[in-house]
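Participant: Handing over target_18.tsv, TSV, C-alpha atoms.
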chain	number	residue	atom	x	y	z
D	1	MET	CA	6.49	-17.02	10.90
D	2	ARG	CA	4.78	-13.64	10.61
D	3	ALA	CA	1.59	-12.18	9.09
D	4	PHE	CA	1.03	-8.92	7.23
D	5	LEU	CA	-2.59	-7.87	6.61
D	6	VAL	CA	-2.72	-4.89	4.24
D	7	VAL	CA	-5.99	-3.12	3.49
D	8	MET	CA	-6.02	-1.17	0.22
D	9	ASP	CA	-8.76	1.19	1.33
D	10	SER	CA	-11.71	1.15	-1.12
D	11	VAL	CA	-10.09	-1.08	-3.79
D	12	GLY	CA	-13.31	-2.98	-4.53
D	13	ILE	CA	-13.92	-5.46	-7.35
D	14	GLY	CA	-17.71	-5.26	-7.86
D	15	GLY	CA	-20.29	-8.00	-7.61
D	16	ALA	CA	-21.74	-7.40	-4.14
D	17	PRO	CA	-25.01	-9.36	-4.08
D	18	ASP	CA	-26.78	-6.66	-2.04
D	19	ALA	CA	-25.46	-3.62	-3.94
D	20	ASP	CA	-29.00	-2.66	-4.89
D	21	ARG	CA	-29.67	-1.72	-1.23
D	22	TYR	CA	-26.91	0.90	-1.13
D	23	PHE	CA	-27.00	4.23	-2.92
D	24	ASN	CA	-25.01	7.18	-4.20
D	25	ASP	CA	-27.48	10.04	-4.43
D	26	ASP	CA	-30.53	8.22	-5.85
D	27	ARG	CA	-28.55	5.64	-7.84
D	28	PRO	CA	-28.10	2.12	-6.42
D	29	ASP	CA	-24.56	0.74	-6.32
D	30	THR	CA	-25.55	-2.13	-8.60
D	31	GLY	CA	-22.78	-2.49	-11.18
D	32	ALA	CA	-20.16	-0.41	-9.35
D	33	ASN	CA	-16.68	-1.89	-9.76
D	34	THR	CA	-13.71	0.17	-8.65
D	35	VAL	CA	-10.85	-1.82	-10.20
D	36	ALA	CA	-12.61	-2.89	-13.40
D	37	HIS	CA	-13.90	0.57	-14.22
D	38	ILE	CA	-10.50	2.17	-13.60
D	39	ALA	CA	-8.83	-0.42	-15.84
D	40	GLN	CA	-11.46	0.15	-18.53
D	41	ALA	CA	-11.01	3.93	-18.35
D	42	CYS	CA	-7.23	3.60	-18.61
D	43	ALA	CA	-7.49	1.28	-21.62
D	44	ALA	CA	-9.84	3.74	-23.32
D	45	GLY	CA	-7.51	6.70	-22.77
D	46	ARG	CA	-9.79	8.36	-20.18
D	47	ALA	CA	-7.24	8.42	-17.35
D	48	GLU	CA	-4.37	10.42	-18.79
D	49	GLU	CA	-3.70	13.01	-16.06
D	50	GLY	CA	-0.26	12.37	-14.62
D	51	ARG	CA	-0.06	8.95	-16.25
D	52	SER	CA	-0.90	7.35	-19.60
D	53	GLY	CA	-2.09	4.15	-21.22
D	54	PRO	CA	-3.40	0.89	-19.80
D	55	LEU	CA	-3.40	0.31	-16.04
D	56	ARG	CA	-0.01	-1.16	-15.11
D	57	ILE	CA	-0.07	-3.07	-11.82
D	58	PRO	CA	1.91	-6.24	-12.61
D	59	HIS	CA	2.56	-7.36	-9.02
D	60	LEU	CA	-1.07	-7.11	-7.93
D	61	ASP	CA	-2.15	-8.82	-11.13
D	62	ALA	CA	0.36	-11.63	-10.64
D	63	LEU	CA	-1.04	-12.20	-7.14
D	64	GLY	CA	-4.51	-12.57	-8.71
D	65	LEU	CA	-6.22	-9.16	-8.81
D	66	GLY	CA	-7.51	-9.49	-12.38
D	67	ALA	CA	-8.70	-13.03	-11.72
D	68	ALA	CA	-10.44	-11.86	-8.54
D	69	VAL	CA	-12.28	-9.13	-10.47
D	70	ARG	CA	-13.63	-11.72	-12.90
D	71	LEU	CA	-14.59	-14.08	-10.07
D	72	ALA	CA	-16.36	-11.37	-8.06
D	73	SER	CA	-18.29	-9.69	-10.84
D	74	GLY	CA	-17.66	-11.22	-14.24
D	75	ASP	CA	-16.43	-7.80	-15.41
D	76	ASP	CA	-13.43	-7.32	-17.67
D	77	ALA	CA	-10.38	-5.49	-16.32
D	78	PRO	CA	-8.29	-4.74	-19.43
D	79	GLY	CA	-4.61	-5.48	-18.96
D	80	LEU	CA	-5.12	-7.58	-15.82
D	81	THR	CA	-4.78	-11.01	-17.40
D	82	ALA	CA	-1.91	-12.66	-15.51
D	83	THR	CA	-2.07	-16.26	-14.36
D	84	PRO	CA	-2.02	-15.91	-10.57
D	85	THR	CA	1.08	-17.04	-8.69
D	86	GLY	CA	-0.52	-16.76	-5.23
D	87	LEU	CA	-3.73	-17.72	-3.50
D	88	TRP	CA	-6.57	-15.50	-4.66
D	89	GLY	CA	-10.29	-15.01	-4.24
D	90	ALA	CA	-13.06	-12.52	-3.49
D	91	ALA	CA	-14.65	-11.68	-0.15
D	92	THR	CA	-18.26	-10.66	0.54
D	93	GLU	CA	-19.29	-8.50	3.49
D	94	VAL	CA	-22.32	-9.26	5.67
D	95	SER	CA	-22.25	-6.18	7.95
D	96	ARG	CA	-24.93	-3.64	7.10
D	97	GLY	CA	-22.72	-0.79	6.01
D	98	LYS	CA	-20.19	0.16	3.35
D	99	ASP	CA	-18.01	2.15	5.74
D	100	THR	CA	-14.50	1.85	7.12
D	101	PRO	CA	-15.25	0.42	10.60
D	102	SER	CA	-17.70	-2.18	9.27
D	103	GLY	CA	-15.23	-3.48	6.71
D	104	HIS	CA	-12.23	-3.52	9.02
D	105	TRP	CA	-14.05	-5.04	12.00
D	106	GLU	CA	-15.36	-7.84	9.82
D	107	LEU	CA	-11.95	-8.45	8.23
D	108	ALA	CA	-10.67	-8.73	11.82
D	109	GLY	CA	-13.30	-11.38	12.60
D	110	LEU	CA	-16.21	-9.35	13.97
D	111	PRO	CA	-19.26	-8.61	11.80
D	112	VAL	CA	-20.90	-5.45	13.15
D	113	PRO	CA	-23.61	-6.59	15.61
D	114	TRP	CA	-25.85	-3.52	15.33
D	115	ASP	CA	-27.18	-0.97	12.87
D	116	TRP	CA	-25.12	2.20	12.71
D	117	HIS	CA	-26.79	5.59	13.15
D	118	TYR	CA	-26.70	7.77	10.04
D	119	PHE	CA	-27.54	11.46	9.89
D	120	PRO	CA	-30.19	12.46	7.33
D	121	LYS	CA	-29.19	14.19	4.11
D	122	ALA	CA	-30.87	17.43	5.10
D	123	GLU	CA	-29.94	20.87	6.38
D	124	PRO	CA	-29.60	20.96	9.28
D	125	ALA	CA	-28.30	17.40	9.41
D	126	PHE	CA	-27.80	17.19	13.17
D	127	PRO	CA	-30.37	17.13	15.97
D	128	SER	CA	-30.38	20.19	18.19
D	129	GLU	CA	-29.06	18.29	21.21
D	130	VAL	CA	-25.92	17.28	19.27
D	131	THR	CA	-25.34	20.83	18.08
D	132	SER	CA	-25.82	22.17	21.60
D	133	ARG	CA	-23.33	19.66	22.97
D	134	VAL	CA	-20.71	20.66	20.38
D	135	CYS	CA	-21.19	24.33	21.19
D	136	ALA	CA	-20.91	23.69	24.93
D	137	LEU	CA	-17.70	21.71	24.53
D	138	ALA	CA	-16.20	24.16	22.01
D	139	GLY	CA	-17.28	27.28	23.90
D	140	THR	CA	-18.94	28.75	20.81
D	141	ASP	CA	-22.38	30.14	20.03
D	142	GLY	CA	-22.90	27.95	16.98
D	143	ILE	CA	-21.44	25.64	14.36
D	144	LEU	CA	-20.85	25.93	10.61
D	145	GLY	CA	-21.81	23.34	8.02
D	146	ASP	CA	-24.41	21.13	9.71
D	147	CYS	CA	-24.79	19.17	6.48
D	148	HIS	CA	-23.49	16.34	4.32
D	149	GLY	CA	-20.37	17.14	2.35
D	150	SER	CA	-16.85	16.34	1.22
D	151	GLY	CA	-14.12	17.56	3.56
D	152	THR	CA	-12.21	19.65	1.05
D	153	VAL	CA	-15.44	21.25	-0.14
D	154	MET	CA	-16.43	22.01	3.44
D	155	ILE	CA	-13.24	23.92	4.24
D	156	ASP	CA	-13.40	25.81	0.95
D	157	ARG	CA	-17.05	26.68	1.59
D	158	PHE	CA	-16.87	27.54	5.29
D	159	GLY	CA	-13.17	28.16	5.99
D	160	ALA	CA	-13.33	31.95	5.77
D	161	ALA	CA	-16.38	32.10	8.05
D	162	HIS	CA	-14.62	29.77	10.46
D	163	LEU	CA	-11.61	32.10	10.66
D	164	GLN	CA	-13.91	35.04	11.32
D	165	SER	CA	-16.31	33.43	13.81
D	166	GLY	CA	-14.22	30.71	15.42
D	167	TRP	CA	-17.12	28.27	15.03
D	168	PRO	CA	-16.17	24.65	14.21
D	169	ILE	CA	-17.17	23.24	10.80
D	170	CYS	CA	-19.32	20.14	11.40
D	171	TYR	CA	-20.40	17.78	8.64
D	172	THR	CA	-21.20	14.16	7.87
D	173	SER	CA	-21.47	11.77	4.93
D	174	ALA	CA	-23.20	8.56	3.93
D	175	ASP	CA	-21.03	6.87	6.56
D	176	SER	CA	-21.92	6.79	10.24
D	177	VAL	CA	-19.63	9.68	11.08
D	178	PHE	CA	-19.48	13.16	12.63
D	179	GLN	CA	-16.57	15.22	11.32
D	180	ILE	CA	-15.23	18.48	12.73
D	181	ALA	CA	-12.88	20.67	10.70
D	182	ALA	CA	-10.99	23.50	12.35
D	183	HIS	CA	-7.91	25.62	11.65
D	184	GLU	CA	-4.84	24.32	13.46
D	185	GLU	CA	-3.55	27.79	14.27
D	186	THR	CA	-6.58	29.99	14.89
D	187	PHE	CA	-8.81	27.36	16.52
D	188	GLY	CA	-5.94	25.23	17.77
D	189	LEU	CA	-5.06	21.60	17.08
D	190	ASP	CA	-5.11	20.55	20.73
D	191	ARG	CA	-8.47	22.26	21.21
D	192	LEU	CA	-9.91	20.43	18.20
D	193	LEU	CA	-8.64	17.05	19.38
D	194	ASP	CA	-9.97	17.67	22.88
D	195	LEU	CA	-13.37	18.67	21.47
D	196	CYS	CA	-13.62	15.48	19.42
D	197	ALA	CA	-12.41	13.25	22.27
D	198	ARG	CA	-14.98	14.69	24.69
D	199	LEU	CA	-17.81	14.58	22.14
D	200	ALA	CA	-17.13	11.01	20.99
D	201	PRO	CA	-18.75	9.15	23.93
D	202	ASP	CA	-22.06	10.98	23.36
D	203	LEU	CA	-22.14	10.05	19.68
D	204	HIS	CA	-20.93	6.51	20.30
D	205	ALA	CA	-23.94	6.06	22.58
D	206	MET	CA	-26.07	6.92	19.53
D	207	LYS	CA	-24.14	4.25	17.54
D	208	VAL	CA	-22.41	6.86	15.39
D	209	GLY	CA	-19.28	4.99	14.38
D	210	ARG	CA	-16.66	7.73	14.39
D	211	VAL	CA	-15.99	11.30	15.38
D	212	ILE	CA	-13.19	12.60	13.18
D	213	ALA	CA	-10.97	15.63	13.77
D	214	ARG	CA	-10.14	17.26	10.42
D	215	PRO	CA	-7.52	19.99	11.01
D	216	PHE	CA	-6.50	22.34	8.23
D	217	VAL	CA	-4.20	25.31	7.69
D	218	GLY	CA	-3.82	28.19	5.25
D	219	GLN	CA	-5.83	31.20	4.18
D	220	GLU	CA	-8.95	31.66	2.07
D	221	GLY	CA	-8.36	30.18	-1.37
D	222	GLU	CA	-5.36	28.23	-0.08
D	223	PHE	CA	-6.80	26.00	2.65
D	224	ARG	CA	-5.34	22.50	2.91
D	225	ARG	CA	-5.90	19.64	5.31
D	226	THR	CA	-2.98	18.39	7.39
D	227	ALA	CA	-1.80	14.91	8.36
D	228	ASN	CA	-3.02	15.45	11.95
D	229	ARG	CA	-6.41	13.83	11.36
D	230	ARG	CA	-7.62	11.77	14.31
D	231	ASP	CA	-10.49	9.26	14.36
D	232	TYR	CA	-12.35	8.56	17.61
D	233	ALA	CA	-14.11	5.29	16.84
D	234	ILE	CA	-16.39	3.01	18.83
D	235	ALA	CA	-14.33	0.22	20.32
D	236	PRO	CA	-15.22	-3.26	19.04
D	237	PRO	CA	-17.65	-4.89	21.51
D	238	SER	CA	-15.78	-8.21	21.55
D	239	PRO	CA	-12.24	-9.43	20.79
D	240	VAL	CA	-10.90	-9.14	17.25
D	241	LEU	CA	-7.83	-10.43	15.43
D	242	THR	CA	-5.49	-7.94	17.10
D	243	ASP	CA	-6.70	-9.10	20.53
D	244	TRP	CA	-6.35	-12.77	19.56
D	245	VAL	CA	-2.74	-12.34	18.46
D	246	GLN	CA	-1.76	-10.15	21.39
D	247	GLY	CA	-3.45	-12.52	23.83
D	248	ALA	CA	-1.40	-15.39	22.42
D	249	GLY	CA	1.81	-13.46	23.06
D	250	GLY	CA	2.39	-12.05	19.58
D	251	LYS	CA	3.29	-8.44	18.90
D	252	VAL	CA	0.78	-6.38	16.90
D	253	PHE	CA	1.94	-3.47	14.75
D	254	ALA	CA	-0.64	-1.00	13.38
D	255	VAL	CA	0.19	1.05	10.28
D	256	GLY	CA	-2.00	3.99	9.24
D	257	LYS	CA	-5.45	4.47	10.73
D	258	ILE	CA	-5.74	0.92	12.10
D	259	GLY	CA	-5.11	2.23	15.62
D	260	ASP	CA	-8.00	4.68	15.31
D	261	ILE	CA	-10.39	2.14	13.78
D	262	PHE	CA	-9.84	-0.34	16.61
D	263	SER	CA	-9.40	2.25	19.40
D	264	MET	CA	-5.90	0.79	19.95
D	265	ARG	CA	-7.42	-2.54	21.06
D	266	GLY	CA	-4.80	-5.28	20.90
D	267	ILE	CA	-2.14	-3.00	19.39
D	268	ASP	CA	1.42	-2.72	20.68
D	269	ASP	CA	2.94	-0.26	18.21
D	270	LEU	CA	1.36	2.43	15.99
D	271	ARG	CA	2.93	4.08	12.94
D	272	LYS	CA	1.16	6.84	11.01
D	273	GLY	CA	1.76	9.29	8.16
D	274	THR	CA	1.00	9.76	4.50
D	275	ASP	CA	0.71	6.67	2.34
D	276	ALA	CA	4.29	7.24	1.13
D	277	THR	CA	5.46	7.23	4.75
D	278	LEU	CA	3.31	4.18	5.50
D	279	MET	CA	4.99	2.26	2.67
D	280	ASP	CA	8.33	2.99	4.35
D	281	HIS	CA	6.91	1.83	7.69
D	282	LEU	CA	5.62	-1.37	6.10
D	283	GLY	CA	9.03	-2.01	4.57
D	284	ASP	CA	10.70	-1.48	7.94
D	285	LEU	CA	8.34	-3.96	9.58
D	286	VAL	CA	8.88	-6.54	6.84
D	287	ARG	CA	12.56	-6.25	7.68
D	288	ASP	CA	12.36	-6.03	11.48
D	289	ALA	CA	9.05	-7.37	12.89
D	290	PRO	CA	9.60	-10.39	15.15
D	291	ASP	CA	8.38	-13.92	14.60
D	292	GLY	CA	4.77	-14.49	15.67
D	293	SER	CA	3.81	-10.88	14.96
D	294	LEU	CA	0.92	-9.36	13.05
D	295	THR	CA	1.34	-6.17	11.04
D	296	PHE	CA	-2.07	-4.68	10.18
D	297	ALA	CA	-1.87	-1.78	7.70
D	298	ASN	CA	-4.32	0.55	5.96
D	299	PHE	CA	-3.44	2.64	2.91
D	300	VAL	CA	-6.19	5.27	2.82
D	301	GLU	CA	-5.32	7.65	0.00
D	302	PHE	CA	-6.97	5.56	-2.75
D	303	ASP	CA	-10.20	6.39	-0.92
D	304	SER	CA	-9.64	9.80	0.64
D	305	LEU	CA	-7.83	11.55	-2.21
D	306	TYR	CA	-9.27	9.90	-5.32
D	307	GLY	CA	-12.34	7.73	-4.75
D	308	HIS	CA	-14.51	10.31	-3.01
D	309	ARG	CA	-13.36	12.98	-5.44
D	310	ARG	CA	-14.20	10.72	-8.41
D	311	ASP	CA	-10.67	11.20	-9.77
D	312	VAL	CA	-10.06	8.25	-12.09
D	313	SER	CA	-6.56	9.29	-13.16
D	314	GLY	CA	-5.53	9.92	-9.58
D	315	TYR	CA	-6.85	6.55	-8.44
D	316	ALA	CA	-5.00	4.83	-11.30
D	317	ARG	CA	-1.78	6.64	-10.35
D	318	ALA	CA	-2.24	5.54	-6.73
D	319	LEU	CA	-2.71	1.90	-7.75
D	320	GLU	CA	0.41	2.02	-9.92
D	321	TRP	CA	2.40	3.69	-7.14
D	322	PHE	CA	1.24	1.06	-4.63
D	323	ASP	CA	2.08	-1.77	-7.02
D	324	ASP	CA	5.60	-0.40	-7.45
D	325	GLY	CA	6.05	-0.29	-3.66
D	326	LEU	CA	4.66	-3.81	-3.36
D	327	GLY	CA	7.24	-4.98	-5.89
D	328	ARG	CA	10.01	-3.74	-3.59
D	329	ILE	CA	8.51	-5.34	-0.48
D	330	LEU	CA	7.68	-8.83	-1.76
D	331	PRO	CA	11.32	-9.95	-2.17
D	332	GLN	CA	12.04	-8.89	1.43
D	333	LEU	CA	9.50	-11.29	2.97
D	334	ARG	CA	10.98	-14.25	4.83
D	335	ASP	CA	10.21	-17.91	4.31
D	336	GLY	CA	7.13	-18.63	6.42
D	337	ASP	CA	5.71	-15.11	6.14
D	338	LEU	CA	2.14	-14.56	4.94
D	339	LEU	CA	1.07	-11.34	3.23
D	340	CYS	CA	-2.66	-10.79	2.65
D	341	LEU	CA	-3.84	-7.88	0.50
D	342	THR	CA	-7.52	-6.97	0.66
D	343	ALA	CA	-9.93	-4.01	0.92
D	344	ASP	CA	-12.73	-2.82	3.19
D	345	HIS	CA	-15.30	-1.62	0.60
D	346	GLY	CA	-15.36	0.02	-2.82
D	347	ASN	CA	-15.23	3.64	-3.96
D	348	ASP	CA	-15.69	3.54	-7.72
D	349	PRO	CA	-14.33	6.85	-9.09
D	350	THR	CA	-16.45	6.48	-12.23
D	351	TRP	CA	-19.68	6.27	-10.21
D	352	SER	CA	-22.20	8.99	-9.42
D	353	GLY	CA	-22.16	10.76	-6.06
D	354	THR	CA	-19.18	10.98	-3.74
D	355	ASP	CA	-19.68	8.08	-1.33
D	356	HIS	CA	-18.33	4.56	-1.01
D	357	THR	CA	-19.75	1.84	-3.26
D	358	ARG	CA	-20.94	-1.56	-2.01
D	359	GLU	CA	-18.62	-4.14	-3.59
D	360	ARG	CA	-16.86	-7.41	-3.01
D	361	VAL	CA	-13.13	-7.09	-2.30
D	362	PRO	CA	-10.03	-8.99	-3.43
D	363	VAL	CA	-8.18	-11.42	-1.20
D	364	LEU	CA	-4.62	-11.88	-2.52
D	365	ILE	CA	-2.16	-14.07	-0.60
D	366	HIS	CA	1.62	-14.25	-0.92
D	367	GLY	CA	3.27	-17.04	1.07
D	368	GLY	CA	0.33	-19.44	1.18
D	369	GLY	CA	0.89	-21.34	-2.03
D	370	ALA	CA	-1.04	-20.81	-5.27
D	371	GLY	CA	-4.60	-21.42	-6.35
D	372	GLU	CA	-8.15	-20.14	-6.19
D	373	ILE	CA	-9.83	-19.91	-2.78
D	374	GLY	CA	-13.12	-18.85	-4.40
D	375	GLN	CA	-15.80	-16.73	-2.77
D	376	VAL	CA	-15.07	-16.25	0.94
D	377	ALA	CA	-16.35	-14.13	3.82
D	378	PHE	CA	-14.62	-11.05	5.19
D	379	ALA	CA	-14.32	-12.85	8.55
D	380	ASP	CA	-12.45	-15.72	6.84
D	381	VAL	CA	-9.50	-13.35	6.45
D	382	ALA	CA	-9.10	-13.08	10.23
D	383	ALA	CA	-9.50	-16.83	10.70
D	384	SER	CA	-6.83	-17.49	8.07
D	385	ILE	CA	-4.33	-15.02	9.55
D	386	ALA	CA	-4.93	-16.61	12.96
D	387	ALA	CA	-4.42	-20.10	11.54
D	388	HIS	CA	-1.14	-19.06	9.95
D	389	LEU	CA	0.11	-17.71	13.28
D	390	GLY	CA	-1.18	-20.68	15.25
D	391	VAL	CA	-3.61	-18.49	17.18
D	392	PRO	CA	-7.07	-19.83	18.08
D	393	PRO	CA	-9.73	-17.77	16.23
D	394	GLN	CA	-12.71	-16.50	18.18
D	395	GLY	CA	-14.96	-15.23	15.38
D	396	PRO	CA	-17.29	-16.82	12.84
D	397	GLY	CA	-14.75	-17.09	10.02
D	398	LYS	CA	-13.16	-20.22	8.58
D	399	SER	CA	-9.57	-20.44	7.37
D	400	PHE	CA	-9.03	-20.78	3.62
D	401	LEU	CA	-5.36	-21.78	4.05
Take the structure I supplied and represent it as structure tokens, if you would.

Facilitator:
Amino acid sequence: MRAFLVVMDSVGIGGAPDADRYFNDDRPDTGANTVAHIAQACAAGRAEEGRSGPLRIPHLDALGLGAAVRLASGDDAPGLTATPTGLWGAATEVSRGKDTPSGHWELAGLPVPWDWHYFPKAEPAFPSEVTSRVCALAGTDGILGDCHGSGTVMIDRFGAAHLQSGWPICYTSADSVFQIAAHEETFGLDRLLDLCARLAPDLHAMKVGRVIARPFVGQEGEFRRTANRRDYAIAPPSPVLTDWVQGAGGKVFAVGKIGDIFSMRGIDDLRKGTDATLMDHLGDLVRDAPDGSLTFANFVEFDSLYGHRRDVSGYARALEWFDDGLGRILPQLRDGDLLCLTADHGNDPTWSGTDHTRERVPVLIHGGGAGEIGQVAFADVAASIAAHLGVPPQGPGKSFL
């Protein structure tokens, strides 16, 4: 008996009851729906780059994705009309944030118990004491950026000046985050990681959720980010699902950025890489993970490569690629295994702005029977995984199994 909790980062399904309190630029997130709007764009021929035609994700649809979209929001997702063969429903978040840590902590049984600190959308974005601390730790006379922005835009905009001055590129977003981009070769990867690690406690004390190292390589006009990203996140203030399972004697395997999100709390083994590599890791763990174990995975590229960049075709390609990989993994699961597919927030690529969108998320279960679980809480996911593994839950959630 094993459990696999897989977060499809940003694959929201609309319908969040408080979406009107969250914004992209000046537009509220009311009506945002990542999956439905991608499916509608594909059906209308508006997502033809690198793919063509209606959205084809038969395995996700068979598990209940289309049904979950209709339950969450009432929206139509053309082509996603299968009768579900698994347990399916929609989860609603209560934490006050549409960011990665909030969603993952709550899925792991811990709603965020405080308000995150967000930097204002102004230039400069950072208070002078933060800038001074970065300069002191980096040994530089200043920083570049000091604003809100997308990572790829930041390195295109400031990369040449960074190579000339040696100053780190510092930026933020609508999330509670402080990001530092630097060239792996001229600034140095180890130097960047050390800078972020030493800065993180100061920003965590401000309730900034993450400090993120964003290394890149190349020359002007050819800059590209590398896979050596590192997140320095606030540790959860109380035990979460990974701790519960580990404390009961089960092994916990983290795939992707789960280790960073939970500051390695309750994690025995960490496997990282691109999403393609992570799919291989997940397949290996489906084959080899021991009984009583939890595998907790995050596939981030829906969000990082396509959602923030408002790339509808790219997002559709990513969903179809993931569905194909899922089709190879499902037959390898053992009797008694439970696979739960969900998401941490939305990132509707048809929406205005570049930030996450406040949405409900799907909860799709293989190995738990078939039927509708209805509207559930994020924390119910953790309680259900714990129940499957025979581990006492410690959070507010209730099992839907």

Participant: With a distance cut-off of 7 Å and all atoms listed in the file, select the neighbouring residues of range 334-343 of chain D, excluding the residue or stretch itself and same-chain residues fewer than 2 positions from it, and output the selection as a list in words.

Facilitator: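 Within the cut-off, the hits are Met1, Arg2, Ala3, Phe4, Leu5, Val6, Val7, Met8, Asp9, Ser10, Val11, Gly12, Gln332, His345, Val361, Pro362, Val363, Leu364, Ile365, His366, Gly367 and Gly368 of chain D.
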
Participant: Compile the contact shell of Gly45 in chain D as a list in words: residues with an atom at most 12 Å away, counting only C-alpha atoms, same-chain residues fewer than 2 positions apart removed.

Facilitator: Ile38, Ala39, Gln40, Ala41, Cys42, Ala43, Ala47, Glu48, Glu49, Arg51, Ser52, Gly53, Pro54, Leu55, Pro78, Val312, Ser313 and Ala316 of chain D

Participant: Take every atom of range 265-278 of chain D listed in the file, pad by 8 Å on each side, and give me the axis-aligned box centre and edge lengths in Å, one decimal, as JSON.

Facilitator:
{"center_x": -1.0, "center_y": 2.2, "center_z": 11.1, "size_x": 28.9, "size_y": 31.0, "size_z": 35.9}

Participant: With only C-alpha atoms as the basis for distance, which of D:Ser176, D:Thr100, D:Gln394, D:Thr357 is at the shortest distance from Lys257 in chain D?

Facilitator: D:Thr100

Participant: Just how far from CA of Ala108 in chain D is CA of Leu294 in chain D, in Å to one decimal?

Facilitator: 11.7 Å

Participant: For Gly15 in chain D, which of D:Ser102, D:Thr226, D:Gln246, D:Thr92 is the closest residue, counting only C-alpha atoms?

Facilitator: D:Thr92

Participant: Which one of D:Gly79, D:Pro120, D:Gly97, D:Gly256 sits closest to His148 in chain D if you count all atoms listed in the file?

Facilitator: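 Under the stated criterion, the closest residue is D:Pro120.
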
Participant: At a cut-off of 8 Å from (-21.9, 18.3, 12.3) in the coordinates of the file, what residues are picked up using only C-alpha atoms, written as a VMD selection string?

Facilitator: chain D and resid 125 to 126 131 143 to 147 169 to 172 178 to 180

Participant: List as a list of chain:residue names the protein and nucleic acid residues near Asp190 in chain D, meaning an atom at most 12 Å away when only C-alpha atoms are counted, but skip any in the same chain fewer than 3 places from it.

Facilitator: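 Here the qualifying residues turn out to be D:Ala138, D:Ala182, D:His183, D:Glu184, D:Glu185, D:Thr186, D:Phe187, D:Leu193, D:Asp194, D:Leu195, D:Cys196, D:Ala197, D:Ala213, D:Arg214, D:Pro215, D:Asn228, D:Arg229, D:Arg230.
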
Participant: Between D:Leu319, D:Ile267, D:Lys251, D:Gln164, which has the minimum distance to Glu220 in chain D (counting all atoms listed in the file)?

Facilitator: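 Looking at the shortest contact to Glu220 in chain D, the residue is D:Gln164.
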
Participant: Applying 10 Å and all atoms listed in the file, which residues near Leu71 in chain D remain after dropping the ones on its own chain fewer than 6 positions away? List them as a short mmCIF file (atom, residue, chain, number, x, y, z; two decimals) with C-alpha atoms, keeping the file's coordinate frame.

Facilitator:
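Written file, out-v4.cif:
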data_model
loop_
_atom_site.label_atom_id
_atom_site.label_comp_id
_atom_site.auth_asym_id
_atom_site.auth_seq_id
_atom_site.Cartn_x
_atom_site.Cartn_y
_atom_site.Cartn_z
CA ILE D 13 -13.92 -5.46 -7.35
CA GLY D 14 -17.71 -5.26 -7.86
CA GLY D 15 -20.29 -8.00 -7.61
CA LEU D 65 -6.22 -9.16 -8.81
CA TRP D 88 -6.57 -15.50 -4.66
CA GLY D 89 -10.29 -15.01 -4.24
CA ALA D 90 -13.06 -12.52 -3.49
CA ARG D 360 -16.86 -7.41 -3.01
CA PRO D 362 -10.03 -8.99 -3.43
CA GLU D 372 -8.15 -20.14 -6.19
CA GLY D 374 -13.12 -18.85 -4.40
CA GLN D 375 -15.80 -16.73 -2.77
#

Participant: Counting all atoms listed in the file, which residue out of D:Gly314, D:Gly325, D:Ser352, D:Asp29 sits closest to His281 in chain D?

Facilitator: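 Smallest separation from His281 in chain D among the options: D:Gly325.
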